[in-house]
file model_21.txt (compact mmCIF, all heavy atoms)
# COMPACT_ATOMS: atom_id res chain seq x y z
N ALA A 1 -6.38 -167.35 238.56
CA ALA A 1 -5.44 -168.44 238.33
C ALA A 1 -5.55 -169.42 239.49
O ALA A 1 -6.16 -169.13 240.53
CB ALA A 1 -4.03 -167.89 238.22
N ARG A 2 -4.94 -170.58 239.29
CA ARG A 2 -4.86 -171.57 240.36
C ARG A 2 -3.40 -171.94 240.56
O ARG A 2 -2.68 -172.15 239.59
CB ARG A 2 -5.67 -172.80 240.03
CG ARG A 2 -7.18 -172.50 239.94
CD ARG A 2 -8.02 -173.74 239.91
NE ARG A 2 -8.24 -174.34 241.21
CZ ARG A 2 -9.01 -173.85 242.18
NH1 ARG A 2 -9.61 -172.72 242.01
NH2 ARG A 2 -9.16 -174.50 243.31
N VAL A 3 -2.98 -172.00 241.81
CA VAL A 3 -1.62 -172.39 242.16
C VAL A 3 -1.72 -173.49 243.21
O VAL A 3 -2.30 -173.26 244.28
CB VAL A 3 -0.80 -171.21 242.71
CG1 VAL A 3 0.58 -171.65 243.16
CG2 VAL A 3 -0.70 -170.11 241.68
N ALA A 4 -1.20 -174.65 242.88
CA ALA A 4 -1.24 -175.79 243.80
C ALA A 4 -2.65 -176.02 244.32
O ALA A 4 -2.87 -176.27 245.50
CB ALA A 4 -0.25 -175.61 244.94
N GLY A 5 -3.64 -175.85 243.45
CA GLY A 5 -5.02 -176.10 243.80
C GLY A 5 -5.74 -174.96 244.49
O GLY A 5 -6.92 -175.06 244.80
N LYS A 6 -5.06 -173.84 244.73
CA LYS A 6 -5.69 -172.70 245.39
C LYS A 6 -6.00 -171.61 244.38
O LYS A 6 -5.18 -171.30 243.51
CB LYS A 6 -4.77 -172.14 246.48
CG LYS A 6 -4.54 -173.10 247.61
CD LYS A 6 -3.77 -172.43 248.72
CE LYS A 6 -3.35 -173.45 249.74
NZ LYS A 6 -4.14 -173.52 250.89
N ALA A 7 -7.18 -171.01 244.49
CA ALA A 7 -7.57 -169.90 243.62
C ALA A 7 -6.81 -168.65 244.04
O ALA A 7 -6.75 -168.32 245.23
CB ALA A 7 -9.06 -169.65 243.70
N VAL A 8 -6.22 -167.97 243.05
CA VAL A 8 -5.42 -166.77 243.30
C VAL A 8 -5.95 -165.63 242.44
O VAL A 8 -6.25 -165.82 241.26
CB VAL A 8 -3.94 -167.02 242.93
CG1 VAL A 8 -3.11 -165.77 243.14
CG2 VAL A 8 -3.36 -168.18 243.70
N GLN A 9 -6.08 -164.46 243.05
CA GLN A 9 -6.40 -163.25 242.30
C GLN A 9 -5.18 -162.35 242.39
O GLN A 9 -4.58 -162.20 243.46
CB GLN A 9 -7.59 -162.52 242.91
CG GLN A 9 -8.88 -163.30 242.78
CD GLN A 9 -10.03 -162.57 243.47
OE1 GLN A 9 -9.82 -161.84 244.42
NE2 GLN A 9 -11.22 -162.77 242.96
N GLY A 10 -4.79 -161.75 241.26
CA GLY A 10 -3.61 -160.90 241.26
C GLY A 10 -3.80 -159.65 240.45
O GLY A 10 -4.65 -159.58 239.57
N LEU A 11 -2.97 -158.66 240.79
CA LEU A 11 -3.00 -157.38 240.09
C LEU A 11 -1.56 -156.90 239.97
O LEU A 11 -0.82 -156.89 240.96
CB LEU A 11 -3.83 -156.36 240.87
CG LEU A 11 -3.84 -154.93 240.36
CD1 LEU A 11 -4.61 -154.85 239.05
CD2 LEU A 11 -4.44 -154.01 241.38
N ASP A 12 -1.14 -156.53 238.77
CA ASP A 12 0.19 -155.97 238.54
C ASP A 12 0.03 -154.50 238.18
O ASP A 12 -0.70 -154.15 237.26
CB ASP A 12 0.90 -156.67 237.38
CG ASP A 12 1.14 -158.15 237.65
OD1 ASP A 12 1.18 -158.54 238.83
OD2 ASP A 12 1.28 -158.91 236.68
N LEU A 13 0.71 -153.64 238.93
CA LEU A 13 0.69 -152.20 238.66
C LEU A 13 2.05 -151.82 238.08
O LEU A 13 3.08 -152.06 238.70
CB LEU A 13 0.45 -151.41 239.94
CG LEU A 13 -0.89 -151.62 240.63
CD1 LEU A 13 -0.93 -150.88 241.96
CD2 LEU A 13 -2.02 -151.14 239.73
N LEU A 14 2.04 -151.22 236.90
CA LEU A 14 3.26 -150.79 236.24
C LEU A 14 3.29 -149.27 236.19
O LEU A 14 2.28 -148.63 235.88
CB LEU A 14 3.33 -151.33 234.81
CG LEU A 14 3.32 -152.84 234.67
CD1 LEU A 14 3.10 -153.23 233.22
CD2 LEU A 14 4.61 -153.43 235.18
N ARG A 15 4.46 -148.71 236.47
CA ARG A 15 4.66 -147.27 236.31
C ARG A 15 5.74 -147.10 235.25
O ARG A 15 6.75 -147.80 235.27
CB ARG A 15 5.08 -146.62 237.62
CG ARG A 15 3.96 -146.59 238.63
CD ARG A 15 4.31 -145.71 239.83
NE ARG A 15 3.22 -145.72 240.77
CZ ARG A 15 3.08 -146.58 241.75
NH1 ARG A 15 3.98 -147.51 241.95
NH2 ARG A 15 2.05 -146.53 242.56
N PHE A 16 5.52 -146.15 234.36
CA PHE A 16 6.44 -145.91 233.25
C PHE A 16 7.09 -144.55 233.39
O PHE A 16 6.46 -143.58 233.79
CB PHE A 16 5.68 -145.98 231.92
CG PHE A 16 5.06 -147.32 231.66
CD1 PHE A 16 3.76 -147.60 232.07
CD2 PHE A 16 5.78 -148.32 231.02
CE1 PHE A 16 3.19 -148.84 231.84
CE2 PHE A 16 5.22 -149.56 230.79
CZ PHE A 16 3.92 -149.82 231.21
N GLY A 17 8.37 -144.48 233.03
CA GLY A 17 9.10 -143.22 233.05
C GLY A 17 8.92 -142.45 231.76
O GLY A 17 8.19 -142.88 230.85
N ASP A 18 9.61 -141.34 231.67
CA ASP A 18 9.51 -140.47 230.49
C ASP A 18 9.96 -141.17 229.22
O ASP A 18 9.53 -140.82 228.12
CB ASP A 18 10.35 -139.20 230.69
CG ASP A 18 9.78 -138.33 231.81
OD1 ASP A 18 8.57 -138.44 232.10
OD2 ASP A 18 10.57 -137.55 232.39
N THR A 19 10.85 -142.15 229.34
CA THR A 19 11.36 -142.86 228.16
C THR A 19 10.45 -144.00 227.73
O THR A 19 10.72 -144.67 226.74
CB THR A 19 12.76 -143.43 228.45
OG1 THR A 19 12.67 -144.36 229.53
CG2 THR A 19 13.74 -142.33 228.78
N GLY A 20 9.40 -144.25 228.50
CA GLY A 20 8.49 -145.34 228.18
C GLY A 20 8.86 -146.67 228.81
O GLY A 20 8.16 -147.65 228.63
N LEU A 21 9.98 -146.69 229.55
CA LEU A 21 10.41 -147.91 230.22
C LEU A 21 9.73 -148.04 231.58
O LEU A 21 9.38 -147.04 232.22
CB LEU A 21 11.93 -147.91 230.41
CG LEU A 21 12.76 -147.90 229.13
CD1 LEU A 21 14.24 -147.78 229.47
CD2 LEU A 21 12.49 -149.11 228.28
N VAL A 22 9.55 -149.28 232.03
CA VAL A 22 8.95 -149.53 233.34
C VAL A 22 9.92 -149.05 234.41
O VAL A 22 11.11 -149.42 234.42
CB VAL A 22 8.63 -151.02 233.52
CG1 VAL A 22 8.13 -151.30 234.94
CG2 VAL A 22 7.61 -151.48 232.50
N THR A 23 9.44 -148.22 235.33
CA THR A 23 10.28 -147.73 236.42
C THR A 23 9.89 -148.35 237.76
O THR A 23 10.67 -148.30 238.70
CB THR A 23 10.18 -146.20 236.54
OG1 THR A 23 8.81 -145.84 236.77
CG2 THR A 23 10.69 -145.51 235.29
N ASP A 24 8.70 -148.93 237.83
CA ASP A 24 8.24 -149.51 239.09
C ASP A 24 7.21 -150.59 238.79
O ASP A 24 6.40 -150.44 237.89
CB ASP A 24 7.62 -148.42 239.98
CG ASP A 24 7.35 -148.90 241.39
OD1 ASP A 24 8.26 -149.48 242.00
OD2 ASP A 24 6.23 -148.67 241.88
N LEU A 25 7.29 -151.67 239.55
CA LEU A 25 6.34 -152.77 239.41
C LEU A 25 5.86 -153.17 240.79
O LEU A 25 6.67 -153.43 241.68
CB LEU A 25 7.01 -153.97 238.73
CG LEU A 25 6.26 -155.30 238.76
CD1 LEU A 25 4.98 -155.22 237.95
CD2 LEU A 25 7.15 -156.42 238.26
N THR A 26 4.55 -153.18 240.98
CA THR A 26 3.95 -153.63 242.23
C THR A 26 3.02 -154.79 241.90
O THR A 26 2.19 -154.69 241.00
CB THR A 26 3.13 -152.50 242.90
OG1 THR A 26 4.00 -151.39 243.12
CG2 THR A 26 2.52 -152.96 244.21
N VAL A 27 3.18 -155.90 242.62
CA VAL A 27 2.35 -157.07 242.40
C VAL A 27 1.55 -157.32 243.68
O VAL A 27 2.11 -157.39 244.76
CB VAL A 27 3.21 -158.32 242.07
CG1 VAL A 27 2.33 -159.54 241.92
CG2 VAL A 27 4.03 -158.06 240.82
N MET A 28 0.24 -157.44 243.52
CA MET A 28 -0.64 -157.74 244.66
C MET A 28 -1.35 -159.05 244.39
O MET A 28 -1.79 -159.30 243.27
CB MET A 28 -1.65 -156.61 244.86
CG MET A 28 -1.02 -155.32 245.30
SD MET A 28 -2.24 -154.05 245.61
CE MET A 28 -2.07 -153.11 244.11
N VAL A 29 -1.41 -159.90 245.42
CA VAL A 29 -2.03 -161.21 245.30
C VAL A 29 -2.92 -161.42 246.50
O VAL A 29 -2.57 -161.06 247.63
CB VAL A 29 -0.96 -162.32 245.23
CG1 VAL A 29 -1.60 -163.68 245.12
CG2 VAL A 29 0.00 -162.09 244.07
N ARG A 30 -4.07 -162.02 246.27
CA ARG A 30 -4.99 -162.35 247.36
C ARG A 30 -5.69 -163.65 247.06
O ARG A 30 -5.71 -164.06 245.90
CB ARG A 30 -5.99 -161.21 247.58
CG ARG A 30 -6.93 -160.98 246.42
CD ARG A 30 -7.94 -159.90 246.69
NE ARG A 30 -8.78 -160.18 247.82
CZ ARG A 30 -9.98 -160.75 247.77
NH1 ARG A 30 -10.49 -161.10 246.61
NH2 ARG A 30 -10.66 -160.96 248.85
N PRO A 31 -6.28 -164.32 247.96
CA PRO A 31 -6.25 -164.15 249.41
C PRO A 31 -4.90 -164.62 249.99
O PRO A 31 -4.09 -165.23 249.30
CB PRO A 31 -7.39 -165.04 249.90
CG PRO A 31 -7.49 -166.12 248.87
CD PRO A 31 -7.12 -165.46 247.56
N LEU A 32 -4.68 -164.30 251.26
CA LEU A 32 -3.40 -164.58 251.90
C LEU A 32 -2.95 -166.03 251.79
O LEU A 32 -1.79 -166.28 251.44
CB LEU A 32 -3.42 -164.12 253.36
CG LEU A 32 -2.10 -164.29 254.12
CD1 LEU A 32 -0.97 -163.55 253.42
CD2 LEU A 32 -2.26 -163.81 255.55
N PRO A 33 -3.79 -167.02 252.06
CA PRO A 33 -3.31 -168.41 251.93
C PRO A 33 -2.82 -168.73 250.52
O PRO A 33 -1.81 -169.43 250.35
CB PRO A 33 -4.54 -169.25 252.29
CG PRO A 33 -5.36 -168.37 253.18
CD PRO A 33 -5.17 -166.98 252.62
N ALA A 34 -3.49 -168.21 249.51
CA ALA A 34 -3.05 -168.44 248.13
C ALA A 34 -1.75 -167.69 247.85
O ALA A 34 -0.87 -168.19 247.16
CB ALA A 34 -4.14 -168.00 247.16
N ALA A 35 -1.60 -166.48 248.40
CA ALA A 35 -0.37 -165.71 248.23
C ALA A 35 0.80 -166.45 248.85
O ALA A 35 1.90 -166.48 248.27
CB ALA A 35 -0.53 -164.32 248.84
N MET A 36 0.60 -167.05 250.00
CA MET A 36 1.67 -167.81 250.66
C MET A 36 2.04 -169.04 249.84
O MET A 36 3.23 -169.37 249.70
CB MET A 36 1.25 -168.18 252.08
CG MET A 36 1.11 -166.95 252.97
SD MET A 36 0.34 -167.25 254.56
CE MET A 36 1.40 -168.46 255.27
N THR A 37 1.06 -169.71 249.28
CA THR A 37 1.32 -170.86 248.41
C THR A 37 2.09 -170.42 247.18
O THR A 37 3.07 -171.06 246.77
CB THR A 37 0.01 -171.55 248.02
OG1 THR A 37 -0.64 -172.01 249.20
CG2 THR A 37 0.25 -172.71 247.09
N LEU A 38 1.68 -169.33 246.57
CA LEU A 38 2.37 -168.80 245.39
C LEU A 38 3.82 -168.48 245.73
O LEU A 38 4.74 -168.81 244.96
CB LEU A 38 1.65 -167.55 244.87
CG LEU A 38 2.31 -166.86 243.69
CD1 LEU A 38 2.33 -167.78 242.47
CD2 LEU A 38 1.58 -165.56 243.37
N ALA A 39 4.07 -167.86 246.87
CA ALA A 39 5.44 -167.52 247.27
C ALA A 39 6.29 -168.77 247.42
O ALA A 39 7.45 -168.79 246.99
CB ALA A 39 5.42 -166.73 248.58
N ARG A 40 5.74 -169.82 248.00
CA ARG A 40 6.49 -171.08 248.14
C ARG A 40 6.81 -171.69 246.78
O ARG A 40 7.94 -172.11 246.52
CB ARG A 40 5.71 -172.08 248.99
CG ARG A 40 5.79 -171.81 250.48
CD ARG A 40 5.28 -172.99 251.29
NE ARG A 40 3.88 -173.30 251.04
CZ ARG A 40 2.85 -172.72 251.64
NH1 ARG A 40 3.06 -171.79 252.54
NH2 ARG A 40 1.63 -173.07 251.35
N VAL A 41 5.82 -171.73 245.89
CA VAL A 41 6.02 -172.32 244.56
C VAL A 41 7.05 -171.52 243.77
O VAL A 41 7.98 -172.10 243.17
CB VAL A 41 4.68 -172.42 243.80
CG1 VAL A 41 4.90 -172.77 242.34
CG2 VAL A 41 3.77 -173.44 244.47
N VAL A 42 6.93 -170.21 243.76
CA VAL A 42 7.88 -169.36 243.02
C VAL A 42 9.28 -169.50 243.63
O VAL A 42 10.27 -169.59 242.91
CB VAL A 42 7.41 -167.90 243.00
CG1 VAL A 42 8.49 -166.98 242.48
CG2 VAL A 42 6.15 -167.76 242.17
N GLY A 43 9.36 -169.53 244.95
CA GLY A 43 10.65 -169.68 245.61
C GLY A 43 11.34 -170.97 245.21
O GLY A 43 12.55 -170.98 244.92
N ARG A 44 10.60 -172.07 245.18
CA ARG A 44 11.18 -173.35 244.77
C ARG A 44 11.68 -173.29 243.33
O ARG A 44 12.75 -173.80 243.00
CB ARG A 44 10.15 -174.47 244.92
CG ARG A 44 9.95 -174.90 246.34
CD ARG A 44 9.07 -176.15 246.38
NE ARG A 44 8.29 -176.10 247.60
CZ ARG A 44 6.97 -176.15 247.67
NH1 ARG A 44 6.25 -176.28 246.58
NH2 ARG A 44 6.36 -176.10 248.83
N ARG A 45 10.90 -172.67 242.46
CA ARG A 45 11.30 -172.58 241.05
C ARG A 45 12.55 -171.72 240.90
O ARG A 45 13.43 -172.02 240.09
CB ARG A 45 10.17 -172.02 240.20
CG ARG A 45 9.04 -173.00 240.02
CD ARG A 45 7.98 -172.47 239.11
NE ARG A 45 6.88 -173.39 239.00
CZ ARG A 45 5.84 -173.21 238.22
NH1 ARG A 45 5.74 -172.13 237.48
NH2 ARG A 45 4.88 -174.10 238.18
N MET A 46 12.64 -170.64 241.66
CA MET A 46 13.82 -169.79 241.59
C MET A 46 15.05 -170.51 242.11
O MET A 46 16.14 -170.39 241.53
CB MET A 46 13.57 -168.49 242.35
CG MET A 46 12.56 -167.59 241.67
SD MET A 46 12.23 -166.08 242.55
CE MET A 46 13.74 -165.19 242.29
N GLU A 47 14.90 -171.27 243.18
CA GLU A 47 16.02 -172.05 243.70
C GLU A 47 16.48 -173.07 242.66
O GLU A 47 17.68 -173.26 242.46
CB GLU A 47 15.63 -172.76 244.99
CG GLU A 47 15.52 -171.84 246.18
CD GLU A 47 14.99 -172.56 247.42
OE1 GLU A 47 14.71 -173.78 247.34
OE2 GLU A 47 14.86 -171.89 248.45
N ALA A 48 15.54 -173.72 242.01
CA ALA A 48 15.88 -174.72 241.00
C ALA A 48 16.57 -174.07 239.81
O ALA A 48 17.49 -174.65 239.22
CB ALA A 48 14.63 -175.46 240.54
N ALA A 49 16.17 -172.86 239.46
CA ALA A 49 16.75 -172.17 238.31
C ALA A 49 18.16 -171.66 238.58
O ALA A 49 18.92 -171.40 237.65
CB ALA A 49 15.85 -171.01 237.89
N GLU A 50 18.54 -171.52 239.84
CA GLU A 50 19.86 -171.00 240.17
C GLU A 50 20.97 -171.86 239.59
O GLU A 50 22.01 -171.35 239.22
CB GLU A 50 20.04 -170.88 241.68
CG GLU A 50 19.32 -169.70 242.26
CD GLU A 50 19.54 -169.56 243.76
OE1 GLU A 50 20.15 -170.45 244.37
OE2 GLU A 50 19.10 -168.54 244.30
N GLY A 51 20.76 -173.14 239.47
CA GLY A 51 21.79 -174.02 238.95
C GLY A 51 21.71 -174.25 237.45
O GLY A 51 22.40 -175.10 236.92
N THR A 52 20.90 -173.47 236.73
CA THR A 52 20.71 -173.73 235.29
C THR A 52 21.34 -172.68 234.41
O THR A 52 20.97 -172.54 233.25
CB THR A 52 19.21 -173.84 234.97
OG1 THR A 52 18.59 -172.58 235.29
CG2 THR A 52 18.54 -174.96 235.73
N GLY A 53 22.29 -171.91 234.93
CA GLY A 53 22.95 -170.91 234.10
C GLY A 53 22.20 -169.61 233.99
O GLY A 53 22.44 -168.82 233.10
N GLY A 54 21.28 -169.37 234.93
CA GLY A 54 20.52 -168.12 234.92
C GLY A 54 21.37 -166.97 235.43
O GLY A 54 22.55 -167.11 235.71
N PRO A 55 20.78 -165.79 235.59
CA PRO A 55 21.51 -164.60 236.00
C PRO A 55 22.23 -164.75 237.34
O PRO A 55 23.22 -164.10 237.58
CB PRO A 55 20.45 -163.51 236.08
CG PRO A 55 19.30 -164.03 235.30
CD PRO A 55 19.39 -165.52 235.31
N SER A 56 21.72 -165.61 238.22
CA SER A 56 22.37 -165.75 239.53
C SER A 56 23.53 -166.73 239.49
O SER A 56 24.21 -166.94 240.48
CB SER A 56 21.33 -166.19 240.57
OG SER A 56 20.79 -167.45 240.21
N ASP A 57 23.79 -167.34 238.34
CA ASP A 57 24.88 -168.29 238.19
C ASP A 57 26.18 -167.50 238.01
O ASP A 57 26.35 -166.78 237.04
CB ASP A 57 24.63 -169.18 236.97
CG ASP A 57 25.68 -170.27 236.82
OD1 ASP A 57 26.72 -170.20 237.49
OD2 ASP A 57 25.44 -171.21 236.03
N PRO A 58 27.15 -167.63 238.96
CA PRO A 58 28.40 -166.87 238.87
C PRO A 58 29.14 -167.10 237.55
O PRO A 58 29.83 -166.22 237.06
CB PRO A 58 29.23 -167.37 240.05
CG PRO A 58 28.25 -167.98 240.99
CD PRO A 58 27.10 -168.45 240.15
N ALA A 59 29.02 -168.28 236.96
CA ALA A 59 29.70 -168.56 235.69
C ALA A 59 29.16 -167.71 234.56
O ALA A 59 29.82 -167.55 233.53
CB ALA A 59 29.57 -170.05 235.36
N GLN A 60 27.95 -167.16 234.71
CA GLN A 60 27.33 -166.37 233.65
C GLN A 60 27.54 -164.88 233.84
O GLN A 60 27.07 -164.09 233.06
CB GLN A 60 25.83 -166.67 233.59
CG GLN A 60 25.51 -168.11 233.26
CD GLN A 60 25.99 -168.48 231.87
OE1 GLN A 60 25.82 -167.73 230.94
NE2 GLN A 60 26.59 -169.65 231.74
N ARG A 61 28.25 -164.47 234.89
CA ARG A 61 28.45 -163.04 235.15
C ARG A 61 29.62 -162.51 234.38
O ARG A 61 30.50 -163.14 233.98
CB ARG A 61 28.68 -162.79 236.64
CG ARG A 61 27.42 -163.05 237.42
CD ARG A 61 27.61 -162.67 238.86
NE ARG A 61 26.46 -163.19 239.60
CZ ARG A 61 26.51 -163.52 240.86
NH1 ARG A 61 27.60 -163.39 241.55
NH2 ARG A 61 25.44 -163.98 241.46
call {"tool": "encode", "arguments": {"input": "model_21.txt", "output": "structure tokens"}}
result
Amino acid sequence: ARVAGKAVQGLDLLRFGDTGLVTDLTVMVRPLPAAMTLARVVGRRMEAAEGTGGPSDPAQR
């Protein structure tokens, strides 16, 4: 994938419990400069979503 013009490689590891539900999620991203860019982009999007009635909106609890 590309994030803000940087090439990113990622791997998602899922672990499932006896009921078939996901019990653990590990996300790995490389190289480091791309991972840092991804963290900034995702962080900005999460901050922007806070005011849109998402789960972190106290009015929706």
call {"tool": "closest_residue", "arguments": {"input": "model_21.txt", "among": "A:Thr52, A:Ala39, A:Leu25, A:Gly20", "to": "A:Val8", "atoms": "only C-alpha atoms"}}
result
A:Ala39
call {"tool": "atom_distance", "arguments": {"input": "model_21.txt", "atom1": "atom C of A:Thr37", "atom2": "atom N of A:Ala4"}}
result
6.9 Å
call {"tool": "residues_around", "arguments": {"input": "model_21.txt", "residues": "A:Arg40", "least_positions_apart": "6", "cutoff": "12 Å", "atoms": "only C-alpha atoms", "output": "PyMOL selection string"}}
result
chain A and resi 3-4+33-34+46-47
call {"tool": "atom_distance", "arguments": {"input": "model_21.txt", "atom1": "atom O of A:Val27", "atom2": "atom CB of A:Lys6"}}
result
16.4 Å
call {"tool": "select_by_dssp", "arguments": {"input": "model_21.txt", "residues": "chain A", "states": "helix (DSSP H, G or I)", "output": "VMD selection string"}}
result
chain A and resid 32 to 49 58 to 60
call {"tool": "atom_distance", "arguments": {"input": "model_21.txt", "atom1": "atom CD1 of A:Leu38", "atom2": "atom CD2 of A:Phe16"}}
result
22.8 Å
call {"tool": "select_by_dssp", "arguments": {"input": "model_21.txt", "residues": "chain A", "states": "strand (DSSP E or B)", "output": "list in words"}}
result
Arg2, Val3, Lys6, Ala7, Gln9, Gly10, Leu11, Asp12, Leu13, Leu14, Arg15, Phe16, Val22, Thr23, Asp24, Leu25, Thr26, Val27, Met28, Val29 and Arg30 of chain A
call {"tool": "residues_near_point", "arguments": {"input": "model_21.txt", "point": "(-1.3, -161.0, 245.3)", "cutoff": "6 Å", "atoms": "all atoms listed in the file", "output": "ChimeraX atom specification"}}
result
/A:8-11,27-30,35,38
call {"tool": "write_last_selection", "arguments": {"input": "model_21.txt", "atoms": "all heavy atoms", "output": "PDB file, in the frame of the given file"}}
result
ATOM      1  N   VAL A   8      -6.220-167.970 243.050  1.00  0.00           N
ATOM      2  CA  VAL A   8      -5.420-166.770 243.300  1.00  0.00           C
ATOM      3  C   VAL A   8      -5.950-165.630 242.440  1.00  0.00           C
ATOM      4  O   VAL A   8      -6.250-165.820 241.260  1.00  0.00           O
ATOM      5  CB  VAL A   8      -3.940-167.020 242.930  1.00  0.00           C
ATOM      6  CG1 VAL A   8      -3.110-165.770 243.140  1.00  0.00           C
ATOM      7  CG2 VAL A   8      -3.360-168.180 243.700  1.00  0.00           C
ATOM      8  N   GLN A   9      -6.080-164.460 243.050  1.00  0.00           N
ATOM      9  CA  GLN A   9      -6.400-163.250 242.300  1.00  0.00           C
ATOM     10  C   GLN A   9      -5.180-162.350 242.390  1.00  0.00           C
ATOM     11  O   GLN A   9      -4.580-162.200 243.460  1.00  0.00           O
ATOM     12  CB  GLN A   9      -7.590-162.520 242.910  1.00  0.00           C
ATOM     13  CG  GLN A   9      -8.880-163.300 242.780  1.00  0.00           C
ATOM     14  CD  GLN A   9     -10.030-162.570 243.470  1.00  0.00           C
ATOM     15  OE1 GLN A   9      -9.820-161.840 244.420  1.00  0.00           O
ATOM     16  NE2 GLN A   9     -11.220-162.770 242.960  1.00  0.00           N
ATOM     17  N   GLY A  10      -4.790-161.750 241.260  1.00  0.00           N
ATOM     18  CA  GLY A  10      -3.610-160.900 241.260  1.00  0.00           C
ATOM     19  C   GLY A  10      -3.800-159.650 240.450  1.00  0.00           C
ATOM     20  O   GLY A  10      -4.650-159.580 239.570  1.00  0.00           O
ATOM     21  N   LEU A  11      -2.970-158.660 240.790  1.00  0.00           N
ATOM     22  CA  LEU A  11      -3.000-157.380 240.090  1.00  0.00           C
ATOM     23  C   LEU A  11      -1.560-156.900 239.970  1.00  0.00           C
ATOM     24  O   LEU A  11      -0.820-156.890 240.960  1.00  0.00           O
ATOM     25  CB  LEU A  11      -3.830-156.360 240.870  1.00  0.00           C
ATOM     26  CG  LEU A  11      -3.840-154.930 240.360  1.00  0.00           C
ATOM     27  CD1 LEU A  11      -4.610-154.850 239.050  1.00  0.00           C
ATOM     28  CD2 LEU A  11      -4.440-154.010 241.380  1.00  0.00           C
ATOM     29  N   VAL A  27       3.180-155.900 242.620  1.00  0.00           N
ATOM     30  CA  VAL A  27       2.350-157.070 242.400  1.00  0.00           C
ATOM     31  C   VAL A  27       1.550-157.320 243.680  1.00  0.00           C
ATOM     32  O   VAL A  27       2.110-157.390 244.760  1.00  0.00           O
ATOM     33  CB  VAL A  27       3.210-158.320 242.070  1.00  0.00           C
ATOM     34  CG1 VAL A  27       2.330-159.540 241.920  1.00  0.00           C
ATOM     35  CG2 VAL A  27       4.030-158.060 240.820  1.00  0.00           C
ATOM     36  N   MET A  28       0.240-157.440 243.520  1.00  0.00           N
ATOM     37  CA  MET A  28      -0.640-157.740 244.660  1.00  0.00           C
ATOM     38  C   MET A  28      -1.350-159.050 244.390  1.00  0.00           C
ATOM     39  O   MET A  28      -1.790-159.300 243.270  1.00  0.00           O
ATOM     40  CB  MET A  28      -1.650-156.610 244.860  1.00  0.00           C
ATOM     41  CG  MET A  28      -1.020-155.320 245.300  1.00  0.00           C
ATOM     42  SD  MET A  28      -2.240-154.050 245.610  1.00  0.00           S
ATOM     43  CE  MET A  28      -2.070-153.110 244.110  1.00  0.00           C
ATOM     44  N   VAL A  29      -1.410-159.900 245.420  1.00  0.00           N
ATOM     45  CA  VAL A  29      -2.030-161.210 245.300  1.00  0.00           C
ATOM     46  C   VAL A  29      -2.920-161.420 246.500  1.00  0.00           C
ATOM     47  O   VAL A  29      -2.570-161.060 247.630  1.00  0.00           O
ATOM     48  CB  VAL A  29      -0.960-162.320 245.230  1.00  0.00           C
ATOM     49  CG1 VAL A  29      -1.600-163.680 245.120  1.00  0.00           C
ATOM     50  CG2 VAL A  29       0.000-162.090 244.070  1.00  0.00           C
ATOM     51  N   ARG A  30      -4.070-162.020 246.270  1.00  0.00           N
ATOM     52  CA  ARG A  30      -4.990-162.350 247.360  1.00  0.00           C
ATOM     53  C   ARG A  30      -5.690-163.650 247.060  1.00  0.00           C
ATOM     54  O   ARG A  30      -5.710-164.060 245.900  1.00  0.00           O
ATOM     55  CB  ARG A  30      -5.990-161.210 247.580  1.00  0.00           C
ATOM     56  CG  ARG A  30      -6.930-160.980 246.420  1.00  0.00           C
ATOM     57  CD  ARG A  30      -7.940-159.900 246.690  1.00  0.00           C
ATOM     58  NE  ARG A  30      -8.780-160.180 247.820  1.00  0.00           N
ATOM     59  CZ  ARG A  30      -9.980-160.750 247.770  1.00  0.00           C
ATOM     60  NH1 ARG A  30     -10.490-161.100 246.610  1.00  0.00           N
ATOM     61  NH2 ARG A  30     -10.660-160.960 248.850  1.00  0.00           N
ATOM     62  N   ALA A  35      -1.600-166.480 248.400  1.00  0.00           N
ATOM     63  CA  ALA A  35      -0.370-165.710 248.230  1.00  0.00           C
ATOM     64  C   ALA A  35       0.800-166.450 248.850  1.00  0.00           C
ATOM     65  O   ALA A  35       1.900-166.480 248.270  1.00  0.00           O
ATOM     66  CB  ALA A  35      -0.530-164.320 248.840  1.00  0.00           C
ATOM     67  N   LEU A  38       1.680-169.330 246.570  1.00  0.00           N
ATOM     68  CA  LEU A  38       2.370-168.800 245.390  1.00  0.00           C
ATOM     69  C   LEU A  38       3.820-168.480 245.730  1.00  0.00           C
ATOM     70  O   LEU A  38       4.740-168.810 244.960  1.00  0.00           O
ATOM     71  CB  LEU A  38       1.650-167.550 244.870  1.00  0.00           C
ATOM     72  CG  LEU A  38       2.310-166.860 243.690  1.00  0.00           C
ATOM     73  CD1 LEU A  38       2.330-167.780 242.470  1.00  0.00           C
ATOM     74  CD2 LEU A  38       1.580-165.560 243.370  1.00  0.00           C
TER      75      LEU A  38
END
